[in-house]
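Novice: One file is attached below, protein-v2.txt, containing compact mmCIF, C-alpha atoms.
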# COMPACT_ATOMS: atom_id res chain seq x y z
CA MET V 1 87.96 121.78 107.90
CA PHE V 2 91.47 123.13 108.09
CA GLN V 3 94.02 120.89 106.45
CA MET V 4 97.62 120.59 107.53
CA PRO V 5 99.99 121.66 104.76
CA ILE V 6 102.23 118.77 105.72
CA LYS V 7 101.68 115.68 107.80
CA VAL V 8 103.51 116.29 111.05
CA SER V 9 102.07 113.83 113.54
CA THR V 10 102.95 110.20 113.87
CA GLY V 11 101.12 108.76 116.80
CA ILE V 12 98.48 106.55 118.34
CA VAL V 13 94.81 107.08 119.14
CA PHE V 14 92.98 105.24 121.87
CA LEU V 15 89.23 105.79 121.70
CA ALA V 16 86.78 104.28 124.20
CA GLY V 17 88.51 100.95 124.21
CA LEU V 18 89.43 100.92 120.52
CA LEU V 19 93.00 101.25 119.39
CA PHE V 20 93.92 103.00 116.16
CA LEU V 21 97.50 102.84 114.94
CA CYS V 22 98.36 106.02 113.09
CA SER V 23 102.08 105.73 112.95
CA CYS V 24 104.63 104.66 110.44
CA ASN V 25 106.97 104.14 113.38
CA SER V 26 106.57 100.77 115.07
CA ASP V 27 108.44 101.74 118.23
CA ASN V 28 105.83 102.10 120.96
CA SER V 29 108.25 101.70 123.85
CA PRO V 30 107.71 104.04 126.81
CA GLU V 31 110.74 106.16 126.16
CA VAL V 32 111.23 109.77 127.16
CA ASN V 33 113.12 111.11 124.20
CA GLY V 34 113.69 108.17 121.92
CA ASN V 35 116.68 106.76 123.75
CA GLU V 36 116.38 106.99 127.53
CA PRO V 37 113.62 105.06 129.33
CA THR V 38 111.16 106.85 131.55
CA PRO V 39 112.45 106.76 135.14
CA THR V 40 110.57 104.05 136.98
CA ALA V 41 110.00 103.09 140.58
CA THR V 42 108.94 99.76 142.00
CA GLY V 43 106.13 98.79 144.33
CA PRO V 44 102.40 97.95 144.27
CA ASN V 45 100.10 100.24 142.33
CA VAL V 46 96.37 99.61 142.48
CA ASN V 47 95.23 102.61 140.43
CA ALA V 48 97.70 102.59 137.53
CA ASN V 49 96.37 102.93 133.99
CA LYS V 50 95.79 99.65 132.22
CA ALA V 51 98.59 99.21 129.73
CA TYR V 52 96.49 99.16 126.56
CA LEU V 53 99.48 101.04 125.20
CA PRO V 54 102.91 101.31 126.82
CA GLU V 55 102.50 105.10 126.77
CA PHE V 56 99.58 104.79 129.21
CA ARG V 57 102.08 103.82 131.93
CA ARG V 58 104.26 106.89 131.52
CA LEU V 59 104.64 108.93 134.69
CA GLU V 60 103.29 112.17 133.23
CA MET V 61 99.98 110.60 132.21
CA PRO V 62 97.04 110.83 134.64
CA HIS V 63 94.32 108.23 134.95
CA ARG V 64 92.09 108.04 131.89
CA ASN V 65 88.69 109.64 132.31
CA GLY V 66 86.94 107.03 130.14
CA GLY V 67 83.51 107.61 128.61
CA THR V 68 83.78 109.97 125.66
CA ASP V 69 87.50 110.52 125.92
CA THR V 70 90.08 109.99 123.21
CA ILE V 71 93.73 109.60 124.09
CA LEU V 72 96.02 111.12 121.47
CA VAL V 73 99.68 110.13 121.65
CA HIS V 74 101.70 112.53 119.53
CA LYS V 75 105.17 111.49 118.48
CA SER V 76 107.86 113.35 116.62
CA SER V 77 109.42 111.78 113.55
CA ASP V 78 112.22 110.17 115.57
CA GLY V 79 109.64 108.13 117.53
CA ALA V 80 109.89 110.18 120.73
CA VAL V 81 106.62 110.85 122.54
CA ASN V 82 106.02 114.57 122.12
CA TYR V 83 102.93 115.00 124.27
CA ILE V 84 99.67 113.19 125.09
CA VAL V 85 96.15 114.66 125.11
CA GLU V 86 92.82 113.57 126.52
CA TRP V 87 90.20 114.90 124.10
CA ASP V 88 86.48 114.75 124.89
CA TYR V 89 84.95 114.23 121.47
CA GLN V 90 81.41 115.09 122.58
CA LYS V 91 82.41 118.38 124.17
CA LYS V 92 85.08 118.89 121.52
CA SER V 93 87.39 120.09 124.23
CA GLN V 94 90.63 118.85 125.68
CA ARG V 95 90.79 117.89 129.35
CA TRP V 96 94.58 117.95 129.63
CA SER V 97 97.89 117.71 127.82
CA CYS V 98 100.81 115.97 129.51
CA TYR V 99 104.48 115.90 128.56
CA VAL V 100 108.06 115.66 129.81
CA LEU V 101 110.72 118.32 130.22
CA ASP V 102 114.37 117.30 130.49
CA LYS V 103 117.68 118.33 128.96
CA ASP V 104 116.80 116.67 125.63
CA TYR V 105 113.31 118.09 125.28
CA MET V 106 114.53 121.55 126.29
CA GLN V 107 117.04 121.86 123.49
CA LYS V 108 116.33 124.70 121.05
CA ASN V 109 116.80 123.36 117.53
CA THR V 110 114.02 125.23 115.76
CA ASP V 111 111.91 128.38 115.91
CA ARG V 112 108.23 128.74 116.75
CA TYR V 113 106.01 127.62 113.87
CA TYR V 114 104.22 130.41 112.06
CA ASP V 115 101.92 130.40 109.05
CA PRO V 116 99.48 133.33 108.74
CA ASN V 117 97.19 131.21 106.59
CA ASN V 118 97.18 128.08 108.73
CA GLN V 119 98.35 128.74 112.28
CA TYR V 120 95.93 126.46 114.15
CA PHE V 121 94.59 123.31 112.56
CA ASP V 122 92.87 119.99 113.04
CA ASP V 123 94.62 117.10 114.67
CA ASP V 124 95.51 114.50 112.05
CA LEU V 125 95.17 111.66 114.54
CA ILE V 126 91.39 111.77 114.73
CA PRO V 127 88.55 111.91 112.17
CA GLU V 128 86.70 115.06 111.23
CA SER V 129 83.58 113.99 113.13
CA MET V 130 85.49 114.36 116.42
CA GLN V 131 86.80 117.83 115.64
CA TRP V 132 85.53 121.30 114.85
CA TYR V 133 84.22 121.97 111.37
CA GLU V 134 86.09 125.26 111.49
CA ASP V 135 88.30 126.98 114.02
CA PRO V 136 85.84 127.86 116.84
CA TYR V 137 88.07 130.68 118.11
CA ASN V 138 87.62 132.75 114.95
CA TYR V 139 85.39 135.81 115.12
CA ASN V 140 84.39 135.01 118.70
CA GLY V 141 84.08 138.65 119.77
CA GLU V 142 85.40 137.69 123.19
CA GLY V 143 89.08 138.52 122.84
CA LEU V 144 89.87 134.85 123.27
CA GLN V 145 93.22 133.46 122.30
CA HIS V 146 94.39 129.97 121.44
CA GLY V 147 95.92 129.01 124.76
CA HIS V 148 98.56 126.33 124.25
CA ILE V 149 98.44 123.67 126.96
CA CYS V 150 101.66 122.00 125.86
CA PRO V 151 103.45 125.26 125.01
CA SER V 152 105.27 125.88 121.77
CA ALA V 153 108.20 127.15 123.84
CA ASP V 154 108.46 123.74 125.54
CA ARG V 155 108.76 121.95 122.22
CA LEU V 156 111.57 123.52 120.23
CA TYR V 157 113.71 120.39 120.09
CA ALA V 158 112.34 119.43 116.65
CA ARG V 159 110.38 121.18 113.93
CA ASP V 160 107.59 118.62 113.70
CA ALA V 161 107.28 118.49 117.50
CA ASN V 162 106.74 122.26 117.58
CA ILE V 163 104.19 122.18 114.77
CA GLN V 164 102.18 119.54 116.64
CA THR V 165 101.64 121.96 119.53
CA PHE V 166 99.43 124.05 117.21
CA PHE V 167 96.76 121.37 116.87
CA LEU V 168 93.37 122.61 118.06
CA THR V 169 93.30 119.59 120.38
CA ASN V 170 96.15 121.21 122.34
CA MET V 171 94.29 124.51 122.81
CA GLN V 172 92.03 125.98 125.48
CA PRO V 173 90.26 129.35 125.21
CA GLN V 174 92.13 131.94 127.26
CA TYR V 175 91.56 135.65 127.51
CA GLY V 176 94.52 137.62 126.23
CA ALA V 177 95.39 139.28 129.54
CA PHE V 178 95.57 135.88 131.25
CA ASN V 179 97.37 134.04 128.44
CA GLU V 180 99.98 136.75 128.00
CA GLY V 181 100.11 137.53 131.72
CA ILE V 182 100.12 135.23 134.73
CA TRP V 183 99.69 132.03 132.69
CA GLY V 184 102.73 132.86 130.60
CA LYS V 185 104.67 133.72 133.76
CA LEU V 186 103.71 130.38 135.30
CA GLU V 187 104.84 128.57 132.14
CA ASN V 188 108.20 130.35 132.37
CA LYS V 189 108.42 129.23 135.98
CA VAL V 190 107.80 125.62 134.94
CA ARG V 191 110.76 125.83 132.56
CA GLU V 192 112.92 127.22 135.37
CA ILE V 193 111.90 124.29 137.58
CA ALA V 194 112.68 121.85 134.77
CA ARG V 195 116.21 123.24 134.39
CA LEU V 196 116.82 122.53 138.08
CA SER V 197 115.42 118.98 137.86
CA ASP V 198 116.65 115.78 136.29
CA THR V 199 113.19 115.23 134.80
CA LEU V 200 109.94 117.15 135.16
CA TYR V 201 106.61 115.49 134.33
CA VAL V 202 103.89 118.00 133.49
CA CYS V 203 100.10 117.75 133.13
CA LYS V 204 98.09 120.91 132.41
CA GLY V 205 94.57 121.84 131.41
CA GLY V 206 91.40 123.79 132.08
CA THR V 207 88.12 122.94 133.79
CA ILE V 208 85.68 121.72 131.13
CA ASP V 209 83.27 119.75 133.32
CA ASP V 210 80.25 121.26 135.04
CA GLY V 211 80.57 121.93 138.73
CA VAL V 212 81.40 124.66 141.20
CA TYR V 213 84.58 125.60 142.98
CA GLY V 214 84.19 128.23 145.69
CA LYS V 215 81.64 130.72 144.45
CA TYR V 216 82.09 130.13 140.73
CA ASN V 217 81.17 127.64 138.05
CA LYS V 218 84.19 125.74 136.76
CA VAL V 219 82.98 126.40 133.20
CA TYR V 220 83.00 130.17 132.84
CA ARG V 221 80.71 130.15 129.82
CA ARG V 222 79.98 128.46 126.51
CA LEU V 223 80.02 130.30 123.22
CA GLY V 224 77.13 129.95 120.79
CA ASN V 225 79.18 127.49 118.75
CA GLY V 226 79.62 125.26 121.82
CA LEU V 227 83.20 126.20 122.66
CA ILE V 228 83.79 125.75 126.40
CA ILE V 229 85.66 128.52 128.21
CA PRO V 230 87.21 127.18 131.42
CA ARG V 231 87.31 129.50 134.39
CA TYR V 232 90.15 127.67 136.09
CA PHE V 233 93.46 126.42 134.75
CA PHE V 234 95.79 124.01 136.47
CA MET V 235 99.24 122.44 136.36
CA ALA V 236 100.41 119.23 138.02
CA LEU V 237 104.20 118.90 138.27
CA LEU V 238 106.16 115.80 139.27
CA ARG V 239 109.88 116.42 139.77
CA VAL V 240 112.64 113.81 139.87
CA SER V 241 116.03 114.94 141.16
CA ASN V 242 118.76 112.54 142.26
CA GLY V 243 116.21 109.74 142.40
CA THR V 244 113.87 111.67 144.72
CA TYR V 245 110.27 112.38 143.71
CA SER V 246 108.28 115.48 144.68
CA ALA V 247 105.13 117.07 143.30
CA ILE V 248 103.17 120.32 143.36
CA GLY V 249 99.89 121.61 141.93
CA ILE V 250 99.07 125.02 140.48
CA TRP V 251 95.49 126.38 140.31
CA THR V 252 94.50 129.79 138.97
CA ASP V 253 91.37 131.67 137.91
CA GLN V 254 91.65 133.22 134.46
CA ILE V 255 89.02 135.86 135.29
CA ILE V 256 90.07 137.05 138.75
CA ASN V 257 93.80 136.53 138.25
CA ALA V 258 94.06 137.77 134.67
CA ASN V 259 95.99 140.93 135.51
CA ASP V 260 98.21 139.48 138.24
CA THR V 261 101.78 140.78 137.97
CA GLY V 262 103.24 137.47 139.11
CA ALA V 263 104.85 139.01 142.21
CA ASN V 264 103.35 136.26 144.40
CA MET V 265 103.03 133.12 142.31
CA GLY V 266 103.21 131.05 145.47
CA GLN V 267 99.55 131.87 146.13
CA TYR V 268 98.59 129.44 143.35
CA ALA V 269 100.48 126.47 144.79
CA ILE V 270 98.48 123.60 146.27
CA SER V 271 99.09 119.92 146.92
CA ILE V 272 98.32 117.35 144.23
CA ASP V 273 95.72 115.83 146.57
CA GLU V 274 93.92 119.18 146.65
CA LEU V 275 94.28 119.61 142.89
CA GLU V 276 92.73 116.19 142.35
CA GLN V 277 89.73 117.19 144.47
CA ARG V 278 89.22 120.38 142.47
CA THR V 279 89.64 118.80 139.03
CA GLY V 280 88.44 115.23 139.52
CA ILE V 281 91.62 114.03 137.78
CA ASP V 282 93.88 111.36 139.26
CA PHE V 283 97.39 112.66 138.55
CA PHE V 284 100.57 110.57 138.58
CA CYS V 285 98.57 107.38 138.99
CA ASN V 286 101.41 105.33 137.48
CA LEU V 287 103.69 105.96 140.43
CA PRO V 288 103.90 103.13 142.96
CA ASP V 289 101.28 103.80 145.63
CA ASN V 290 103.73 104.50 148.44
CA ILE V 291 105.53 107.19 146.40
CA GLU V 292 102.30 108.61 144.98
CA ASP V 293 100.69 108.92 148.42
CA ASN V 294 103.75 110.63 149.82
CA VAL V 295 104.37 113.21 147.09
CA GLU V 296 100.70 114.13 146.66
CA LYS V 297 100.03 115.03 150.30
CA SER V 298 102.11 118.20 150.33
CA TYR V 299 104.58 120.11 148.22
CA ARG V 300 107.26 120.82 150.84
CA SER V 301 107.69 124.56 150.37
CA ILE V 302 107.28 126.94 147.48
CA LEU V 303 110.91 127.99 147.93
CA SER V 304 112.05 124.43 147.26
CA TRP V 305 110.26 124.80 143.90
CA ASN V 306 111.81 128.21 143.26
CA ILE V 307 108.32 129.70 143.36
CA LYS V 308 107.96 133.09 145.06
Please, can you express the file's structure as structure tokens?
Specialist:
Amino acid sequence: MFQMPIKVSTGIVFLAGLLFLCSCNSDNSPEVNGNEPTPTATGPNVNANKAYLPEFRRLEMPHRNGGTDTILVHKSSDGAVNYIVEWDYQKKSQRWSCYVLDKDYMQKNTDRYYDPNNQYFDDDLIPESMQWYEDPYNYNGEGLQHGHICPSADRLYARDANIQTFFLTNMQPQYGAFNEGIWGKLENKVREIARLSDTLYVCKGGTIDDGVYGKYNKVYRRLGNGLIIPRYFFMALLRVSNGTYSAIGIWTDQIINANDTGANMGQYAISIDELEQRTGIDFFCNLPDNIEDNVEKSYRSILSWNIK
């Protein structure tokens, strides 16, 4: 097992109905960055997450998958929620990471974490039995990279927040051309959208469940050590500007689209309703039903999202 040189994560684990408190900070309020509450809307909501934890009602968090999932709530040392992960402890793969981008989170107060001897490591919120015995990306012979789902570049507001993005539970296997190419371009686009929004709620991941989309299996392949390589990667974005909510989905194939120049990123845009059908994930379930139904049907236009 890889051991963190320092303890960087204060947070909460929710595992199959059991709650584990792993924090020396008692503030579990649903705050965005430690001081401003998550924007809320009123109205009936029949499919919201049950509030086992206040964080489960945050707008960026999708509906829990249940079964063999573990919800990992990572917080920085000031008590702010950094990002949340759904980790399937049988598959030893993450289903998604979700987080918030706003003016506070997008501050640059630190540099990207780097340690040549310990760059990617086990998540200190969960026991060894739920994690990899050793880094499964090592010596894979596939040219696979550790693909951040909550990017390091989105978490430069605090040193410990950035370090937390290097947990193996925040990684998905991505081929280098895809990770450094169109996926990186899409992540840059998300940051551009966030700068033009009051608040941007983000949920991202890869397809780890069996099934077919179009002509291809959603799981591209499995390595001999059991590591799942998703074929498809997705983003679900919920934007709040001047009190108005809008949403858009992004869906891309890391095999076919690996060498895309990014000249037409609009081709990857779909509605949240369509993204939910392709992934089986219920995004933005904590919105009141009338707002959720409205924003998930369509995404207006790609130009309104500054996507070309």
Novice: Closest to Thr261 (chain V) among V:Pro173, V:Gly181, V:Pro62, V:Pro151, using all atoms listed in the file?
Specialist: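 Between V:Pro173, V:Gly181, V:Pro62, V:Pro151, the residue approaching Thr261 (chain V) most closely is V:Gly181.
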Novice: Near Asn257 (chain V), counting only C-alpha atoms, which residues have an atom at most 9 Å away, once you skip same-chain residues fewer than 5 positions from it, shown as a list in words?
Specialist: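 Close residues of Asn257 (chain V): Phe178, Ile182 and Thr252 of chain V.
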Novice: Excluding Gly280 (chain V) and any residue of its chain fewer than 5 positions from it, enumerate the residues within 10 Å of it, using all atoms listed in the file, and give them as a count of residues only.
Specialist: 5
Novice: What's the separation between CA of Trp87 (chain V) and CA of Lys189 (chain V), in Å to one decimal place?
Specialist: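 Distance reported for this atom pair: 26.0 Å.
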Novice: Just the residues within 12 Å of Tyr220 (chain V), please, counting all atoms listed in the file, with nothing from its chain fewer than 4 positions along; format it as a ChimeraX atom specification.
Specialist: /V:173-175,206-213,215-216,227-233,253-256
Novice: Which one is closest to Ala236 (chain V): V:Ala158, V:Val295, V:Ile71, V:Ala258? Count only C-alpha atoms.
Specialist: V:Val295
Novice: Between CA of Cys203 (chain V) and CA of Phe283 (chain V), what distance in Å does the model show, to one decimal?
Specialist: 7.9 Å
Novice: Here is a test: counting all atoms listed in the file, which residue of V:Tyr139, V:Trp96, V:Phe234, V:Tyr245 is nearest to Pro288 (chain V)?
Specialist: V:Tyr245
Novice: List the spatial neighbours of region 45-47 of chain V as a PDB file with C-alpha atoms, keeping the file's coordinate frame - criterion: any atom at most 8 Å away, only C-alpha atoms, same-chain residues fewer than 6 positions off excluded.
Specialist:
ATOM      1  CA  HIS V  63      94.320 108.230 134.950  1.00  0.00           C
ATOM      2  CA  CYS V 285      98.570 107.380 138.990  1.00  0.00           C
ATOM      3  CA  ASN V 286     101.410 105.330 137.480  1.00  0.00           C
ATOM      4  CA  LEU V 287     103.690 105.960 140.430  1.00  0.00           C
ATOM      5  CA  PRO V 288     103.900 103.130 142.960  1.00  0.00           C
ATOM      6  CA  ASP V 289     101.280 103.800 145.630  1.00  0.00           C
TER       7      ASP V 289
END
Novice: Which one is closest to Asn82 (chain V): V:Lys50, V:Arg155, V:Arg195, V:Arg64? Count only C-alpha atoms.
Specialist: V:Arg155
Novice: With distances taken over only C-alpha atoms, which of V:Leu186, V:Ala48, V:Val100, V:Met130 is nearest to Asp260 (chain V)?
Specialist: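 Checking each of V:Leu186, V:Ala48, V:Val100, V:Met130 against Asp260 (chain V), counting only C-alpha atoms, the winner is V:Leu186.
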Novice: Name the residues in contact with Ile84 (chain V) at a cut-off of 10 Å, using all atoms listed in the file, excluding same-chain residues fewer than 6 positions from it; report them as a PyMOL selection string.
Specialist: chain V and resi 11-13+55-56+60-61+71-75+96-100+150+170+203
Novice: Interatomic distance between CA of Ala161 (chain V) and CA of Ile250 (chain V)?
Specialist: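 One can read the CA of Ala161 (chain V) to CA of Ile250 (chain V) distance as 25.3 Å.
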Novice: Ranking V:Tyr157, V:Phe166, V:Tyr268, V:Tyr201 by minimum distance to Lys108 (chain V) and counting only C-alpha atoms, which one comes first?
Specialist: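 Of V:Tyr157, V:Phe166, V:Tyr268, V:Tyr201, the one nearest Lys108 (chain V) is V:Tyr157, counting only C-alpha atoms.
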Novice: Restrict the output to region 246-259 of chain V and N, CA, C and O atoms, then write it as a PDB file, in the first residue's frame.
Specialist:
ATOM      1  N   SER V 246     -29.128  26.600 -15.688  1.00  0.00           N
ATOM      2  CA  SER V 246     -29.073  25.925 -16.985  1.00  0.00           C
ATOM      3  C   SER V 246     -28.066  24.792 -16.881  1.00  0.00           C
ATOM      4  O   SER V 246     -27.185  24.802 -16.011  1.00  0.00           O
ATOM      5  N   ALA V 247     -28.188  23.804 -17.752  1.00  0.00           N
ATOM      6  CA  ALA V 247     -27.334  22.617 -17.645  1.00  0.00           C
ATOM      7  C   ALA V 247     -26.989  22.085 -19.032  1.00  0.00           C
ATOM      8  O   ALA V 247     -27.723  22.292 -20.005  1.00  0.00           O
ATOM      9  N   ILE V 248     -25.871  21.380 -19.096  1.00  0.00           N
ATOM     10  CA  ILE V 248     -25.424  20.763 -20.345  1.00  0.00           C
ATOM     11  C   ILE V 248     -24.620  19.514 -20.015  1.00  0.00           C
ATOM     12  O   ILE V 248     -23.981  19.423 -18.953  1.00  0.00           O
ATOM     13  N   GLY V 249     -24.659  18.528 -20.914  1.00  0.00           N
ATOM     14  CA  GLY V 249     -23.866  17.319 -20.769  1.00  0.00           C
ATOM     15  C   GLY V 249     -22.793  17.246 -21.843  1.00  0.00           C
ATOM     16  O   GLY V 249     -22.954  17.794 -22.939  1.00  0.00           O
ATOM     17  N   ILE V 250     -21.700  16.584 -21.513  1.00  0.00           N
ATOM     18  CA  ILE V 250     -20.603  16.333 -22.455  1.00  0.00           C
ATOM     19  C   ILE V 250     -20.332  14.832 -22.455  1.00  0.00           C
ATOM     20  O   ILE V 250     -20.215  14.219 -21.390  1.00  0.00           O
ATOM     21  N   TRP V 251     -20.192  14.246 -23.647  1.00  0.00           N
ATOM     22  CA  TRP V 251     -19.960  12.804 -23.791  1.00  0.00           C
ATOM     23  C   TRP V 251     -18.923  12.602 -24.878  1.00  0.00           C
ATOM     24  O   TRP V 251     -19.068  13.113 -25.985  1.00  0.00           O
ATOM     25  N   THR V 252     -17.857  11.875 -24.572  1.00  0.00           N
ATOM     26  CA  THR V 252     -16.802  11.675 -25.566  1.00  0.00           C
ATOM     27  C   THR V 252     -16.191  10.287 -25.432  1.00  0.00           C
ATOM     28  O   THR V 252     -16.199   9.685 -24.353  1.00  0.00           O
ATOM     29  N   ASP V 253     -15.673   9.794 -26.532  1.00  0.00           N
ATOM     30  CA  ASP V 253     -15.101   8.451 -26.659  1.00  0.00           C
ATOM     31  C   ASP V 253     -13.587   8.584 -26.634  1.00  0.00           C
ATOM     32  O   ASP V 253     -13.002   9.221 -27.524  1.00  0.00           O
ATOM     33  N   GLN V 254     -12.948   7.979 -25.624  1.00  0.00           N
ATOM     34  CA  GLN V 254     -11.501   8.197 -25.511  1.00  0.00           C
ATOM     35  C   GLN V 254     -10.701   7.407 -26.546  1.00  0.00           C
ATOM     36  O   GLN V 254      -9.506   7.658 -26.697  1.00  0.00           O
ATOM     37  N   ILE V 255     -11.330   6.508 -27.281  1.00  0.00           N
ATOM     38  CA  ILE V 255     -10.632   5.786 -28.337  1.00  0.00           C
ATOM     39  C   ILE V 255     -10.779   6.532 -29.663  1.00  0.00           C
ATOM     40  O   ILE V 255      -9.799   6.929 -30.292  1.00  0.00           O
ATOM     41  N   ILE V 256     -12.014   6.757 -30.078  1.00  0.00           N
ATOM     42  CA  ILE V 256     -12.266   7.410 -31.368  1.00  0.00           C
ATOM     43  C   ILE V 256     -11.836   8.872 -31.359  1.00  0.00           C
ATOM     44  O   ILE V 256     -11.293   9.389 -32.347  1.00  0.00           O
ATOM     45  N   ASN V 257     -12.079   9.550 -30.247  1.00  0.00           N
ATOM     46  CA  ASN V 257     -11.850  10.997 -30.197  1.00  0.00           C
ATOM     47  C   ASN V 257     -10.491  11.384 -29.620  1.00  0.00           C
ATOM     48  O   ASN V 257     -10.245  12.571 -29.369  1.00  0.00           O
ATOM     49  N   ALA V 258      -9.620  10.426 -29.428  1.00  0.00           N
ATOM     50  CA  ALA V 258      -8.357  10.689 -28.737  1.00  0.00           C
ATOM     51  C   ALA V 258      -7.549  11.805 -29.386  1.00  0.00           C
ATOM     52  O   ALA V 258      -6.942  12.623 -28.693  1.00  0.00           O
ATOM     53  N   ASN V 259      -7.516  11.847 -30.702  1.00  0.00           N
ATOM     54  CA  ASN V 259      -6.653  12.795 -31.400  1.00  0.00           C
ATOM     55  C   ASN V 259      -7.407  14.006 -31.936  1.00  0.00           C
ATOM     56  O   ASN V 259      -6.904  14.724 -32.805  1.00  0.00           O
TER      57      ASN V 259
END
